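Trainee: Take a look at the following structure, please.
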Amino acid sequence: MTNWKIIGFFFAGTIFFILLLQLQGRQLITPFSPSGILSLEFSCNASHTQSIAAAWSHSLHGAFRLNMLLDFLFIPFYGLFLYSTCGYFSVHYKNTHWAQQLGVLLAFGSLLAMLFDVTENIAMCFSIHFFATAFISAVTTIMATMKFLLIGSAIIYSILSAVFMLLSKSNTRPV
């Protein structure tokens, strides 16, 4: 049995940090990083990463550090929210083995997304505070891509599962 208070807590924290990161991350939007931190996450070559680092030099280093701190605080909220939600829905697929297995897989994929996010953040910090290389830029982009694919898959699974659960409950109600 899932405790909805725990899922609600992680959901509220996820929404709070999404809004806070959006607000705080606006400072990192420059001509070299039109999407803010996302521009750095998906900067797959060293020269582009170096141009972002140069644009953020000194004056925006504090904003970048704060964004990273907030993101590290955000990671457990979204990861555990998606883990709990996918796990909750997976146990409700009693007659659909593949959907149940998919939910378990995506629940653990949410935990893996957290690890990818931490690795990506460390690589971005290295690129900004030390130097950007093609390898570090590629690692950052690969980790960001894998993270977003896993998060997106978990969200889609959760939404579809909620819809199917609501539809199945409405079909079983007495008239």
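Numbering starts fresh at 1 for the residues of each chain in the structure tokens, the chains themselves are lettered A, B, ... in the order given, and ligands are numbered from 1 as they appear.
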With the cut-off set at 10 Å and counting only C-alpha atoms, tabulate each residue of region 29-133 of chain A with an atom at most that distance from an atom of region 2-14 of chain A, showing the nearest atom pair and its distance in Å to one decimal, ordered by chain and increasing number, as CSV.

Mentor:
```
residue,atom,partner,partner_atom,distance
A:Leu73,CA,A:Gly13,CA,9.5
A:Phe74,CA,A:Thr14,CA,6.6
A:Ile75,CA,A:Thr14,CA,8.5
A:Pro76,CA,A:Phe10,CA,8.3
A:Phe77,CA,A:Phe10,CA,5.0
A:Tyr78,CA,A:Thr14,CA,5.2
A:Gly79,CA,A:Phe10,CA,8.6
A:Leu80,CA,A:Phe10,CA,6.7
A:Phe81,CA,A:Phe10,CA,5.0
A:Leu82,CA,A:Phe11,CA,8.7
A:Tyr83,CA,A:Ile7,CA,9.4
A:Ser84,CA,A:Ile7,CA,6.4
A:Thr85,CA,A:Ile7,CA,7.0
A:Gly87,CA,A:Thr2,CA,8.7
A:Tyr88,CA,A:Thr2,CA,6.3
A:Phe89,CA,A:Thr2,CA,9.7
A:Val91,CA,A:Thr2,CA,9.8
```

Trainee: Restrict the calculation to only C-alpha atoms, then for each residue of region 43-100 of chain A with any atom at most 10 Å from an atom of region 125-128 of chain A give the closest atom pair and their distance in Å to one decimal, rows by chain and rising residue number, as JSON lines.

Mentor:
```
{"residue": "A:Ala46", "atom": "CA", "partner": "A:Ser127", "partner_atom": "CA", "distance": 8.9}
{"residue": "A:Thr49", "atom": "CA", "partner": "A:Ser127", "partner_atom": "CA", "distance": 7.2}
{"residue": "A:Gln50", "atom": "CA", "partner": "A:Ser127", "partner_atom": "CA", "distance": 7.7}
{"residue": "A:Ile52", "atom": "CA", "partner": "A:Ile128", "partner_atom": "CA", "distance": 8.2}
{"residue": "A:Ala53", "atom": "CA", "partner": "A:Ile128", "partner_atom": "CA", "distance": 5.2}
{"residue": "A:Ala54", "atom": "CA", "partner": "A:Ile128", "partner_atom": "CA", "distance": 8.4}
{"residue": "A:Trp56", "atom": "CA", "partner": "A:Ile128", "partner_atom": "CA", "distance": 8.1}
{"residue": "A:Ser57", "atom": "CA", "partner": "A:Ile128", "partner_atom": "CA", "distance": 8.2}
{"residue": "A:His61", "atom": "CA", "partner": "A:Ile128", "partner_atom": "CA", "distance": 8.2}
{"residue": "A:Phe64", "atom": "CA", "partner": "A:Cys125", "partner_atom": "CA", "distance": 8.6}
{"residue": "A:Arg65", "atom": "CA", "partner": "A:Cys125", "partner_atom": "CA", "distance": 8.2}
{"residue": "A:Met68", "atom": "CA", "partner": "A:Cys125", "partner_atom": "CA", "distance": 8.1}
```

Trainee: Atoms to include: C-alpha atoms. Write the selected residues as an mmCIF file, in the first residue's frame.

Mentor:
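This went into part-v4.cif:
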```cif
data_model
loop_
_atom_site.group_PDB
_atom_site.id
_atom_site.type_symbol
_atom_site.label_atom_id
_atom_site.label_comp_id
_atom_site.auth_asym_id
_atom_site.auth_seq_id
_atom_site.Cartn_x
_atom_site.Cartn_y
_atom_site.Cartn_z
ATOM 1 C CA ALA A 46 33.923 21.768 -26.274
ATOM 2 C CA THR A 49 30.697 24.720 -23.804
ATOM 3 C CA GLN A 50 33.692 27.082 -23.601
ATOM 4 C CA ILE A 52 28.934 29.381 -22.435
ATOM 5 C CA ALA A 53 31.585 29.242 -19.690
ATOM 6 C CA ALA A 54 33.070 32.504 -20.977
ATOM 7 C CA TRP A 56 29.013 33.052 -17.498
ATOM 8 C CA SER A 57 32.482 34.018 -16.278
ATOM 9 C CA HIS A 61 29.366 32.032 -11.521
ATOM 10 C CA PHE A 64 25.437 28.926 -11.755
ATOM 11 C CA ARG A 65 26.538 27.671 -8.316
ATOM 12 C CA MET A 68 23.566 23.622 -9.166
#
```

Trainee: So which one's closest to Asn67 (chain A), A:Leu160, A:Leu102, A:Cys44, A:Leu23? Using only C-alpha atoms, please.

Mentor: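 Counting only C-alpha atoms, the residue closest to Asn67 (chain A) is A:Leu23.
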
Trainee: Find the spatial neighbours of Gln101 (chain A), counting only C-alpha atoms, within a cut-off of 9 Å - ignore same-chain residues fewer than 5 positions away - and output them as a PDB file with N, CA, C and O atoms, in the first residue's frame.

Mentor:
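File written: result-v6.pdb
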```pdb
ATOM      1  N   SER A  90       2.430   0.216 -10.918  1.00  0.00           N
ATOM      2  CA  SER A  90       2.828  -1.128 -11.361  1.00  0.00           C
ATOM      3  C   SER A  90       2.135  -2.219 -10.555  1.00  0.00           C
ATOM      4  O   SER A  90       1.794  -3.264 -11.113  1.00  0.00           O
ATOM      5  N   THR A  96      -2.086  -7.620 -16.290  1.00  0.00           N
ATOM      6  CA  THR A  96      -1.262  -7.173 -17.414  1.00  0.00           C
ATOM      7  C   THR A  96       0.198  -7.207 -16.974  1.00  0.00           C
ATOM      8  O   THR A  96       0.733  -6.231 -16.469  1.00  0.00           O
ATOM      9  N   LEU A 106      10.532   1.253 -14.940  1.00  0.00           N
ATOM     10  CA  LEU A 106      10.578   2.721 -14.948  1.00  0.00           C
ATOM     11  C   LEU A 106      10.769   3.301 -13.549  1.00  0.00           C
ATOM     12  O   LEU A 106      11.372   4.369 -13.403  1.00  0.00           O
TER      13      LEU A 106
END
```

Trainee: In Å, with one decimal, what is the gap from CA of Gly62 (chain A) to CA of Ala134 (chain A)?

Mentor: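 Calculated distance between CA of Gly62 (chain A) and CA of Ala134 (chain A) is 24.6 Å.
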
Trainee: So how far away is CA of Phe131 (chain A) from CA of Ser51 (chain A), in Å?

Mentor: 11.2 Å

Trainee: When distances are computed from only C-alpha atoms, which of A:Ser33, A:Ser170, A:Ser161, A:Gln24 shows the smallest separation from Gly103 (chain A)?

Mentor: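 Checking each of A:Ser33, A:Ser170, A:Ser161, A:Gln24 against Gly103 (chain A), counting only C-alpha atoms, the winner is A:Ser161.
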
Trainee: Restricting the calculation to only C-alpha atoms, which member of A:Leu21, A:Leu115, A:Ile29, A:Cys86 is positioned closest to Ile155 (chain A)?

Mentor: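 Under the stated criterion, the closest residue is A:Cys86.
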